[in-house]
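Data file: entry.txt. Format and content: compact mmCIF, C-alpha atoms.
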```txt
# COMPACT_ATOMS: atom_id res chain seq x y z
CA MET A 18 77.77 101.75 115.72
CA SER A 19 77.93 100.92 112.07
CA LYS A 20 77.21 97.36 111.17
CA HIS A 21 78.69 97.48 107.72
CA PRO A 22 81.68 99.43 106.46
CA VAL A 23 81.97 102.68 104.66
CA VAL A 24 82.79 101.43 101.17
CA ILE A 25 84.80 103.70 98.90
CA VAL A 26 84.95 102.78 95.23
CA GLY A 27 88.17 104.11 93.70
CA SER A 28 91.72 104.45 95.00
CA GLY A 29 92.73 107.70 93.35
CA LEU A 30 93.44 110.85 95.27
CA ALA A 31 89.72 111.30 96.04
CA GLY A 32 89.21 107.81 97.43
CA PHE A 33 92.35 107.72 99.55
CA THR A 34 91.94 111.23 100.85
CA VAL A 35 88.39 110.50 102.02
CA ALA A 36 89.70 107.38 103.80
CA ARG A 37 92.50 109.29 105.45
CA GLU A 38 90.31 112.20 106.53
CA PHE A 39 87.67 109.78 107.84
CA ARG A 40 90.29 108.01 109.94
CA LYS A 41 91.27 111.27 111.58
CA LEU A 42 87.72 111.49 112.93
CA ASP A 43 86.89 107.84 113.49
CA ALA A 44 89.64 105.38 114.33
CA GLU A 45 87.36 102.35 114.60
CA SER A 46 84.61 102.04 112.00
CA PRO A 47 85.51 99.73 109.15
CA VAL A 48 86.43 101.28 105.82
CA VAL A 49 86.89 99.30 102.61
CA ILE A 50 88.40 100.72 99.44
CA VAL A 51 87.46 98.75 96.34
CA THR A 52 89.57 99.54 93.31
CA ARG A 53 89.92 97.99 89.91
CA ASP A 54 93.60 98.94 89.68
CA HIS A 55 96.61 98.05 91.81
CA GLY A 56 95.50 100.19 94.72
CA GLY A 57 98.84 101.91 95.19
CA PHE A 58 99.22 105.62 95.78
CA TYR A 59 100.94 107.95 93.35
CA SER A 60 100.69 111.59 92.39
CA LYS A 61 98.62 111.82 89.25
CA PRO A 62 99.77 115.37 88.48
CA MET A 63 103.35 114.08 88.31
CA LEU A 64 102.57 111.82 85.35
CA SER A 65 102.85 114.77 82.99
CA ASN A 66 106.18 115.98 84.33
CA ALA A 67 107.90 112.77 85.29
CA PHE A 68 110.82 113.08 82.86
CA ALA A 69 111.72 116.46 84.33
CA GLN A 70 111.50 114.93 87.81
CA LYS A 71 113.69 112.02 86.62
CA LYS A 72 110.99 109.55 87.53
CA ASN A 73 109.55 106.52 85.79
CA ALA A 74 106.45 104.44 86.44
CA GLU A 75 108.18 102.48 89.21
CA SER A 76 109.54 105.45 91.10
CA LEU A 77 106.24 107.35 90.75
CA LEU A 78 104.52 104.74 92.90
CA MET A 79 104.89 106.03 96.43
CA LYS A 80 103.09 103.39 98.43
CA ASP A 81 101.63 100.10 97.30
CA ALA A 82 98.15 98.92 98.31
CA ALA A 83 99.38 96.98 101.36
CA ARG A 84 101.25 99.97 102.69
CA MET A 85 98.29 102.31 102.06
CA ALA A 86 95.99 99.88 103.87
CA ASP A 87 98.41 99.72 106.78
CA ASP A 88 99.04 103.44 107.04
CA THR A 89 95.36 104.34 106.86
CA ASN A 90 94.01 101.31 108.72
CA VAL A 91 91.56 100.47 105.96
CA GLN A 92 90.98 97.37 103.88
CA VAL A 93 92.06 97.80 100.25
CA MET A 94 90.56 95.37 97.75
CA ALA A 95 92.77 95.80 94.68
CA ASN A 96 92.08 94.51 91.16
CA ALA A 97 88.39 94.33 92.06
CA THR A 98 85.82 95.71 89.67
CA VAL A 99 82.40 96.84 90.88
CA VAL A 100 79.76 95.76 88.39
CA ALA A 101 76.58 96.88 90.13
CA ILE A 102 75.19 98.88 93.04
CA ASN A 103 72.00 97.78 94.72
CA PRO A 104 70.76 100.74 96.78
CA GLN A 105 67.75 98.84 98.17
CA LEU A 106 69.90 96.12 99.71
CA LYS A 107 72.78 98.57 100.30
CA GLN A 108 75.31 96.34 98.64
CA ILE A 109 77.67 96.29 95.69
CA SER A 110 78.52 93.36 93.42
CA LEU A 111 82.00 92.67 92.15
CA SER A 112 82.99 91.01 88.89
CA ASP A 113 83.97 87.84 90.76
CA ASN A 114 80.38 87.59 92.11
CA GLN A 115 81.42 88.73 95.56
CA VAL A 116 78.87 90.93 97.30
CA LEU A 117 79.81 93.66 99.73
CA LYS A 118 77.36 95.33 102.13
CA TYR A 119 77.80 98.99 102.96
CA ASP A 120 76.37 101.47 105.41
CA GLN A 121 77.59 104.33 103.31
CA LEU A 122 78.95 104.20 99.78
CA VAL A 123 81.39 106.73 98.35
CA LEU A 124 81.89 106.87 94.59
CA ALA A 125 85.35 108.16 93.71
CA LEU A 126 85.39 106.66 90.25
CA GLY A 127 87.37 109.24 88.35
CA ALA A 128 87.01 110.01 84.65
CA ASP A 129 87.80 108.42 81.33
CA PRO A 130 89.92 110.02 78.61
CA ILE A 131 87.83 111.32 75.74
CA GLN A 132 88.73 109.59 72.49
CA LEU A 133 88.61 111.45 69.22
CA PRO A 134 87.03 109.73 66.26
CA LEU A 135 89.97 108.92 63.99
CA GLN A 136 90.31 107.04 60.75
CA GLY A 137 93.12 104.81 59.60
CA ASP A 138 94.81 101.61 60.64
CA GLY A 139 96.98 103.46 63.18
CA ALA A 140 94.07 104.94 65.12
CA ALA A 141 94.08 102.04 67.57
CA GLU A 142 97.69 102.83 68.50
CA VAL A 143 96.79 106.16 70.10
CA LEU A 144 97.63 106.18 73.81
CA SER A 145 96.26 108.25 76.61
CA VAL A 146 97.68 108.62 80.09
CA ASN A 147 95.08 108.71 82.81
CA ASP A 148 96.69 106.56 85.47
CA LEU A 149 99.98 105.00 86.47
CA ASP A 150 99.46 101.83 84.43
CA ASP A 151 98.77 103.96 81.35
CA TYR A 152 101.95 105.85 82.08
CA ARG A 153 103.97 102.65 82.26
CA ARG A 154 102.65 101.63 78.83
CA PHE A 155 103.43 105.09 77.47
CA ARG A 156 107.00 104.99 78.75
CA GLU A 157 107.51 101.55 77.21
CA ALA A 158 106.14 102.85 73.91
CA VAL A 159 108.46 105.86 73.74
CA GLU A 160 111.54 103.97 74.95
CA GLY A 161 114.25 104.38 72.33
CA LYS A 162 111.94 106.42 70.07
CA LYS A 163 112.24 110.00 68.86
CA GLU A 164 108.98 111.54 67.73
CA VAL A 165 105.77 112.03 69.68
CA ALA A 166 102.59 113.70 68.44
CA ILE A 167 100.19 115.01 71.05
CA LEU A 168 96.49 115.45 70.33
CA GLY A 169 95.31 118.35 72.46
CA GLY A 170 96.91 121.64 73.51
CA GLY A 171 95.24 121.97 76.87
CA LEU A 172 96.90 121.79 80.26
CA ILE A 173 97.86 118.13 80.10
CA GLY A 174 98.91 118.34 76.44
CA CYS A 175 101.19 121.32 77.14
CA GLU A 176 102.70 119.69 80.22
CA PHE A 177 103.47 116.48 78.35
CA ALA A 178 104.86 118.46 75.41
CA ASN A 179 107.28 120.33 77.65
CA ASP A 180 108.25 117.19 79.55
CA LEU A 181 108.92 115.19 76.38
CA ALA A 182 110.92 118.06 74.90
CA ILE A 183 113.06 118.09 78.06
CA ALA A 184 113.64 114.37 77.53
CA GLY A 185 114.86 115.06 73.99
CA PHE A 186 111.83 114.05 71.92
CA ILE A 187 110.65 115.83 68.80
CA VAL A 188 107.14 116.94 69.71
CA ASN A 189 104.20 118.03 67.56
CA VAL A 190 100.99 119.26 69.20
CA ILE A 191 97.69 119.38 67.33
CA ASP A 192 94.57 121.16 68.59
CA LEU A 193 91.33 122.22 67.01
CA ALA A 194 91.30 125.44 69.03
CA PRO A 195 93.09 128.45 67.55
CA GLN A 196 95.14 128.85 70.75
CA LEU A 197 96.71 126.80 73.53
CA LEU A 198 94.98 126.30 76.88
CA GLY A 199 91.86 127.74 75.29
CA ARG A 200 89.64 127.44 78.32
CA LEU A 201 92.12 129.01 80.68
CA LEU A 202 93.82 131.91 78.91
CA PRO A 203 93.21 135.06 76.88
CA PRO A 204 94.88 134.96 73.42
CA GLU A 205 97.87 137.16 74.40
CA SER A 206 98.84 134.80 77.21
CA ALA A 207 98.35 131.79 74.96
CA ILE A 208 100.78 133.28 72.44
CA PHE A 209 103.30 133.91 75.22
CA ILE A 210 103.38 130.29 76.38
CA GLN A 211 103.29 129.02 72.81
CA ARG A 212 106.46 131.00 71.97
CA LYS A 213 108.21 129.64 75.08
CA LEU A 214 107.25 126.09 74.17
CA GLU A 215 108.36 126.68 70.57
CA ASP A 216 111.73 127.81 71.93
CA GLU A 217 112.00 124.30 73.40
CA GLY A 218 111.58 122.90 69.91
CA ILE A 219 107.89 121.97 70.11
CA ALA A 220 105.84 122.49 66.93
CA PHE A 221 102.15 123.45 67.07
CA HIS A 222 99.36 122.81 64.59
CA LEU A 223 96.42 124.85 65.84
CA GLY A 224 92.99 125.41 64.40
CA THR A 225 93.09 122.02 62.76
CA THR A 226 92.35 118.46 63.65
CA THR A 227 93.76 114.99 63.05
CA GLN A 228 91.68 113.07 60.53
CA LYS A 229 93.62 109.96 59.90
CA ILE A 230 96.44 107.96 61.46
CA GLU A 231 98.06 105.29 59.34
CA ARG A 232 100.87 102.86 59.88
CA SER A 233 103.74 103.62 57.59
CA GLY A 234 107.15 101.97 57.64
CA GLY A 235 107.27 101.34 61.40
CA LYS A 236 105.97 104.82 62.13
CA LEU A 237 102.61 106.52 62.36
CA ARG A 238 101.56 109.06 59.79
CA LEU A 239 99.01 111.66 60.83
CA THR A 240 96.96 113.46 58.22
CA LEU A 241 95.58 116.77 59.47
CA ALA A 242 92.46 118.54 58.23
CA ASN A 243 94.64 121.38 56.92
CA GLY A 244 96.46 118.94 54.67
CA ASN A 245 99.67 118.72 56.71
CA ILE A 246 101.28 115.36 57.33
CA ILE A 247 103.07 114.63 60.60
CA GLN A 248 105.19 111.62 61.37
CA ALA A 249 105.39 110.11 64.85
CA ASP A 250 106.54 107.02 66.68
CA VAL A 251 103.90 107.46 69.35
CA VAL A 252 100.64 109.43 69.43
CA LEU A 253 99.41 110.62 72.80
CA SER A 254 95.85 111.84 73.17
CA ALA A 255 95.13 114.49 75.79
CA VAL A 256 91.84 116.03 74.76
CA GLY A 257 90.03 115.91 78.06
CA LEU A 258 88.20 113.68 80.48
CA ARG A 259 84.63 112.52 80.84
CA PRO A 260 83.28 111.64 84.32
CA ARG A 261 82.64 107.94 84.87
CA THR A 262 78.92 107.73 85.41
CA ALA A 263 77.71 104.41 83.98
CA LEU A 264 77.86 102.44 87.24
CA ALA A 265 75.87 105.10 89.06
CA ALA A 266 73.38 105.59 86.24
CA ALA A 267 72.59 101.87 86.17
CA ALA A 268 71.74 102.04 89.87
CA GLY A 269 69.24 104.84 89.32
CA ILE A 270 71.54 107.59 90.58
CA LYS A 271 70.97 110.92 88.90
CA ILE A 272 73.51 111.82 86.22
CA ASN A 273 74.12 114.98 84.28
CA ARG A 274 77.66 115.71 83.05
CA GLY A 275 78.86 113.88 86.16
CA ILE A 276 77.22 112.08 89.06
CA VAL A 277 74.93 114.77 90.42
CA VAL A 278 75.55 115.65 94.07
CA ASN A 279 74.57 118.49 96.38
CA GLY A 280 76.84 120.54 98.61
CA LEU A 281 77.04 117.63 101.05
CA LEU A 282 78.25 115.45 98.16
CA GLN A 283 75.08 113.34 98.45
CA THR A 284 73.56 111.79 95.38
CA ASN A 285 69.78 111.52 95.08
CA VAL A 286 70.06 108.01 96.56
CA GLU A 287 70.32 107.70 100.31
CA ASP A 288 73.75 106.94 101.76
CA ILE A 289 75.50 107.18 98.40
CA TYR A 290 78.00 109.99 97.91
CA ALA A 291 80.33 111.02 95.08
CA LEU A 292 83.37 113.25 94.77
CA GLY A 293 86.33 113.95 92.54
CA ASP A 294 86.47 113.72 88.76
CA CYS A 295 83.28 111.62 88.53
CA ALA A 296 81.13 114.11 90.43
CA GLU A 297 79.15 117.16 89.47
CA VAL A 298 78.92 119.17 92.66
CA GLU A 299 76.08 121.68 92.59
CA GLY A 300 76.38 121.98 88.83
CA ARG A 301 80.17 122.09 88.64
CA VAL A 302 82.59 119.46 87.37
CA LEU A 303 85.84 120.72 88.84
CA PRO A 304 89.02 119.00 87.74
CA PHE A 305 92.43 119.22 89.44
CA VAL A 306 93.67 118.44 92.90
CA MET A 307 92.49 121.26 95.14
CA PRO A 308 88.72 120.68 94.71
CA ILE A 309 89.24 117.00 95.52
CA MET A 310 91.04 117.84 98.75
CA GLN A 311 88.28 120.28 99.75
CA ALA A 312 85.57 117.75 98.94
CA ALA A 313 87.28 114.92 100.84
CA ARG A 314 87.70 117.11 103.92
CA ALA A 315 84.01 117.97 103.90
CA LEU A 316 82.80 114.46 103.17
CA ALA A 317 84.71 112.80 106.02
CA PRO A 318 82.79 114.56 108.82
CA THR A 319 79.55 114.12 106.89
CA LEU A 320 80.15 110.36 106.85
CA THR A 321 80.58 110.39 110.63
CA GLY A 322 77.20 112.06 111.02
CA LYS A 323 78.30 115.69 111.18
CA SER A 324 76.89 117.17 107.96
CA THR A 325 79.52 119.46 106.44
CA PRO A 326 78.96 121.20 103.11
CA VAL A 327 81.96 121.45 100.80
CA HIS A 328 83.45 124.89 100.62
CA TYR A 329 85.67 125.95 97.77
CA PRO A 330 88.12 128.79 98.25
CA ALA A 331 89.68 130.36 95.16
CA MET A 332 91.70 127.51 93.67
CA PRO A 333 94.44 128.60 91.28
CA VAL A 334 96.04 125.87 89.20
CA ALA A 335 99.73 125.61 88.35
CA VAL A 336 100.53 124.57 84.80
CA LYS A 337 103.71 122.54 85.09
CA THR A 338 105.53 123.78 82.03
CA PRO A 339 109.08 124.46 83.30
CA CYS A 340 109.92 126.62 80.26
CA CYS A 341 107.07 128.95 81.18
CA PRO A 342 105.94 128.85 84.82
CA THR A 343 102.20 129.45 84.75
CA VAL A 344 99.43 129.84 87.31
CA VAL A 345 95.83 130.26 86.25
CA SER A 346 92.58 130.84 88.01
CA PRO A 347 90.10 130.89 85.16
CA PRO A 348 86.90 132.89 85.55
CA GLU A 349 83.76 130.77 85.83
CA PRO A 350 82.27 129.91 82.42
CA ASN A 351 79.38 132.36 82.81
CA ALA A 352 81.43 135.18 84.38
CA GLN A 353 80.75 138.71 83.11
CA GLY A 354 83.82 140.84 82.59
CA GLU A 355 86.91 141.19 80.50
CA TRP A 356 90.60 140.32 80.37
CA LYS A 357 93.27 142.96 80.78
CA VAL A 358 96.75 141.90 79.82
CA GLU A 359 100.10 143.49 80.59
CA GLY A 360 103.59 142.19 80.26
CA GLY A 361 106.80 141.94 78.34
CA THR A 362 109.38 139.34 77.52
CA GLU A 363 109.97 138.12 81.08
CA GLY A 364 106.39 137.52 82.04
CA ILE A 365 102.77 138.31 81.33
CA LYS A 366 99.94 139.11 83.69
CA ALA A 367 96.34 138.77 82.60
CA ILE A 368 93.51 139.62 84.94
CA PHE A 369 89.81 139.11 84.38
CA SER A 370 87.59 141.61 86.19
CA HIS A 371 83.94 142.55 86.33
CA GLN A 372 83.23 146.14 85.36
CA ASN A 373 82.68 146.92 89.05
CA GLY A 374 86.34 146.09 89.59
CA GLN A 375 85.89 142.69 91.26
CA LEU A 376 88.69 140.34 90.25
CA LEU A 377 87.23 137.09 88.87
CA GLY A 378 90.23 135.32 87.40
CA PHE A 379 93.85 135.54 86.34
CA ALA A 380 96.58 133.96 84.29
CA LEU A 381 100.16 134.63 85.34
CA MET A 382 103.24 133.56 83.42
CA GLY A 383 106.98 133.85 83.85
CA SER A 384 108.00 136.53 86.34
CA ALA A 385 104.32 137.42 86.92
CA VAL A 386 103.67 134.21 88.87
CA GLN A 387 105.05 135.99 91.93
CA GLU A 388 101.76 137.86 92.16
CA LYS A 389 99.77 134.68 92.64
CA ALA A 390 99.21 134.91 96.39
CA ALA A 391 98.30 138.59 96.35
CA LEU A 392 95.80 138.12 93.52
CA THR A 393 94.33 134.92 94.96
CA GLN A 394 93.37 136.83 98.10
CA GLN A 395 91.27 139.16 95.97
CA LEU A 396 89.33 136.39 94.27
CA PRO A 397 85.85 135.53 95.48
CA THR A 398 85.17 132.06 96.85
CA LEU A 399 82.94 129.85 94.69
CA SER A 400 79.34 129.90 95.77
CA MET B 3 119.63 124.17 101.76
CA LYS B 4 117.34 121.35 100.66
CA VAL B 5 114.53 121.03 98.16
CA TRP B 6 111.30 119.22 99.01
CA GLN B 7 108.40 118.10 96.90
CA CYS B 8 104.72 117.67 97.69
CA LEU B 9 103.67 114.06 97.26
CA VAL B 10 100.24 114.98 96.01
CA CYS B 11 100.76 117.71 93.44
CA SER B 12 104.53 117.87 92.94
CA TYR B 13 104.85 121.44 94.25
CA ILE B 14 108.49 122.24 95.02
CA TYR B 15 109.50 123.81 98.30
CA ASP B 16 113.03 125.15 98.04
CA GLU B 17 114.40 126.05 101.47
CA ALA B 18 116.60 128.72 99.89
CA LYS B 19 113.59 130.45 98.37
CA GLY B 20 111.05 129.76 101.11
CA ASP B 21 107.45 130.70 100.40
CA PRO B 22 107.48 134.42 101.12
CA GLU B 23 103.99 134.95 99.70
CA HIS B 24 102.69 132.81 102.54
CA GLY B 25 104.94 134.20 105.21
CA ILE B 26 107.78 131.71 104.96
CA ALA B 27 111.03 133.64 104.65
CA PRO B 28 113.75 132.54 102.24
CA GLY B 29 116.15 130.22 104.01
CA THR B 30 113.48 128.59 106.20
CA LYS B 31 114.33 124.94 106.74
CA TRP B 32 111.54 122.43 106.16
CA GLU B 33 111.46 121.45 109.82
CA ASP B 34 110.94 125.10 110.74
CA VAL B 35 107.98 125.57 108.39
CA PRO B 36 104.99 125.87 110.74
CA TYR B 37 102.63 122.95 111.24
CA GLU B 38 99.70 125.02 109.93
CA TRP B 39 101.40 125.68 106.59
CA SER B 40 99.73 123.95 103.69
CA CYS B 41 100.86 123.30 100.15
CA PRO B 42 100.09 126.46 98.14
CA ASP B 43 99.21 124.42 95.06
CA CYS B 44 96.97 121.67 96.37
CA GLY B 45 96.23 122.51 99.98
CA VAL B 46 97.50 119.35 101.66
CA SER B 47 98.62 120.15 105.15
CA LYS B 48 102.19 119.71 106.24
CA SER B 49 101.18 116.77 108.42
CA ASP B 50 99.15 114.90 105.79
CA PHE B 51 101.52 113.98 103.07
CA GLU B 52 105.03 114.80 104.11
CA MET B 53 107.00 116.39 101.35
CA VAL B 54 109.98 114.34 100.29
CA GLU B 55 113.49 115.57 99.88
CA ILE B 56 114.45 115.56 96.23
CA LYS B 57 118.00 116.84 96.40
CA PRO B 58 120.48 117.67 99.09
```
Can you present the structure in this file as structure tokens?
Amino acid sequence: MSKHPVVIVGSGLAGFTVAREFRKLDAESPVVIVTRDHGGFYSKPMLSNAFAQKKNAESLLMKDAARMADDTNVQVMANATVVAINPQLKQISLSDNQVLKYDQLVLALGADPIQLPLQGDGAAEVLSVNDLDDYRRFREAVEGKKEVAILGGGLIGCEFANDLAIAGFIVNVIDLAPQLLGRLLPPESAIFIQRKLEDEGIAFHLGTTTQKIERSGGKLRLTLANGNIIQADVVLSAVGLRPRTALAAAAGIKINRGIVVNGLLQTNVEDIYALGDCAEVEGRVLPFVMPIMQAARALAPTLTGKSTPVHYPAMPVAVKTPCCPTVVSPPEPNAQGEWKVEGGTEGIKAIFSHQNGQLLGFALMGSAVQEKAALTQQLPTLS
Amino acid sequence: MKVWQCLVCSYIYDEAKGDPEHGIAPGTKWEDVPYEWSCPDCGVSKSDFEMVEIKP
């Protein structure tokens, strides 16, 4: 019998899913979730298409902390910030000087938005949306306004652009890359989705960067490296996430891009585990929902004493741009092979194959998304 | 015919369209979708996070 609880730091999808999966296997042992936010459950992927879903910050919250605690039979300590981990004593310290002992510690800390270096007196006004509270602030900021500039033309930038266009905003998107969704798509596919988004009224400024944001007559004025000037009421930054590693690093846990864990999601420190956006699992930092679900399902039995390595099937990702339904399964960064693209006005199918014919990735848009299931079956699992 | 949404990833299950790629014929009501079915986008099982009805 455990003397002290399993302590999970973080109440995002990773933290709550571990708690829920653990409860399926062990109805008794105490579990405590410590979270610095409100501790309620919401769907993070919905933040970037909430207008289309006719949702706001209030209706996005599905269950508050009390309800989550009840439903999962765990203790949720909300608005509690962990300031230190002491692996020798197997305890964590909170900002209010409380100390909590653990038998096993799970770090589900998430990631922080990357902030671009920007000049000008408007730079501090740039918002990013990484959680529900951020989203509430963003919605308040755009209330009654017309123009939004988005820094970043990746998945989140494109989803927000489409969602804001649906809601009637004038949207400008700026990205240093020469194409949209640069890490996920071959150029032909990127052009396809760009045209669809342009048909919604969204303007793109690619291959350039924002240098300066200044306040100007109640608005923000963005100066781009190519000399263009864009006006906006609100600037939203969506240029990527960086795993939260500082807490772990200070405790002597090994860090690389993320908190380094093996296939059992163990850090180099005994009885400390990590998963989700903060973790680097066997060399991979995998964003999105599906890897988190897989990791949580493996970690739960491991925590009960039945070591279970995480297994990743092929995990295609839907890009929630209603004007251009898109599903991608990008090849791994070091994959050898090439893209082959076919399509017309209704849809475009891009497949990435090794020269031996093995399918390694795909990007499907418009009518081509129907082929998702058939192609996913041909993909190798990650190893 | 009703439309349901996954609470985790916002995948839409439209009863009229079903999920034929995963063996769910068009017109399959949510209650008739098998227990083993999981969300094609995020993998949550039908029993974990019930989808919610978003329009009648």
Using only C-alpha atoms, what table do you get, as CSV, when you list each residue of chain A with an atom no more than 10 Å from chain B, its nearest pair of atoms, and their distance in Å rounded to one decimal, rows by chain then rising number?
```
residue,atom,partner,partner_atom,distance
A:Leu30,CA,B:Val10,CA,8.0
A:Thr34,CA,B:Asp50,CA,9.5
A:Arg37,CA,B:Asp50,CA,8.7
A:Glu38,CA,B:Asp50,CA,9.3
A:Phe58,CA,B:Val10,CA,9.4
A:Tyr59,CA,B:Val10,CA,7.5
A:Ser60,CA,B:Val10,CA,5.0
A:Lys61,CA,B:Cys11,CA,7.5
A:Pro62,CA,B:Cys11,CA,5.6
A:Met63,CA,B:Ser12,CA,6.1
A:Leu64,CA,B:Ser12,CA,9.9
A:Asn66,CA,B:Ser12,CA,9.0
A:Ala67,CA,B:Ser12,CA,9.8
A:Gln70,CA,B:Ile56,CA,8.9
A:Leu77,CA,B:Leu9,CA,9.7
A:Met79,CA,B:Leu9,CA,8.2
A:Phe305,CA,B:Cys44,CA,8.6
A:Val306,CA,B:Cys44,CA,5.8
A:Met307,CA,B:Cys44,CA,4.7
A:Pro308,CA,B:Cys44,CA,8.5
A:Ile309,CA,B:Cys44,CA,9.1
A:Met310,CA,B:Gly45,CA,7.1
A:Gln311,CA,B:Gly45,CA,8.3
A:Met332,CA,B:Asp43,CA,8.2
A:Pro333,CA,B:Asp43,CA,7.4
A:Val334,CA,B:Asp43,CA,6.8
A:Ala335,CA,B:Asp43,CA,6.8
A:Lys337,CA,B:Ser12,CA,9.2
A:Val344,CA,B:Asp43,CA,9.5
A:Gln387,CA,B:Glu23,CA,7.9
A:Glu388,CA,B:Glu23,CA,8.4
A:Lys389,CA,B:Glu23,CA,8.2
A:Ala390,CA,B:Glu23,CA,5.8
A:Ala391,CA,B:Glu23,CA,7.5
```
Atomic distance CA of Ile50 (chain A) - CA of Gly32 (chain A), expressed in Å with one decimal: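 CA of Gly32 (chain A) lies 7.4 Å from CA of Ile50 (chain A).
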Distance in Å - CA of Val159 (chain A) versus CA of Asn179 (chain A):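 Pair CA of Val159 (chain A) / CA of Asn179 (chain A) returns 15.0 Å.
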Residue list as number ranges by chain for point (108.7, 118.0, 102.1), cut-off 12 Å, only C-alpha atoms: B: 4-17, 31-35, 39-41, 46-57
Atomic distance CA of Arg261 (chain A) - CA of Pro304 (chain A), expressed in Å with one decimal: 13.1 Å
Residue contacts of Ser28 (chain A) (6 Å, all atoms listed in the file) excluding same-chain residues fewer than 2 positions away, as JSON, numbers by chain: {"A": [32, 33, 52, 56]}
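Comparing the minimum interatomic distances between Glu45 (chain A) and each of A:Cys295, A:Val23, A:Ala267, A:Ala182, counting all atoms listed in the file, we find that A:Val23 sits nearest.
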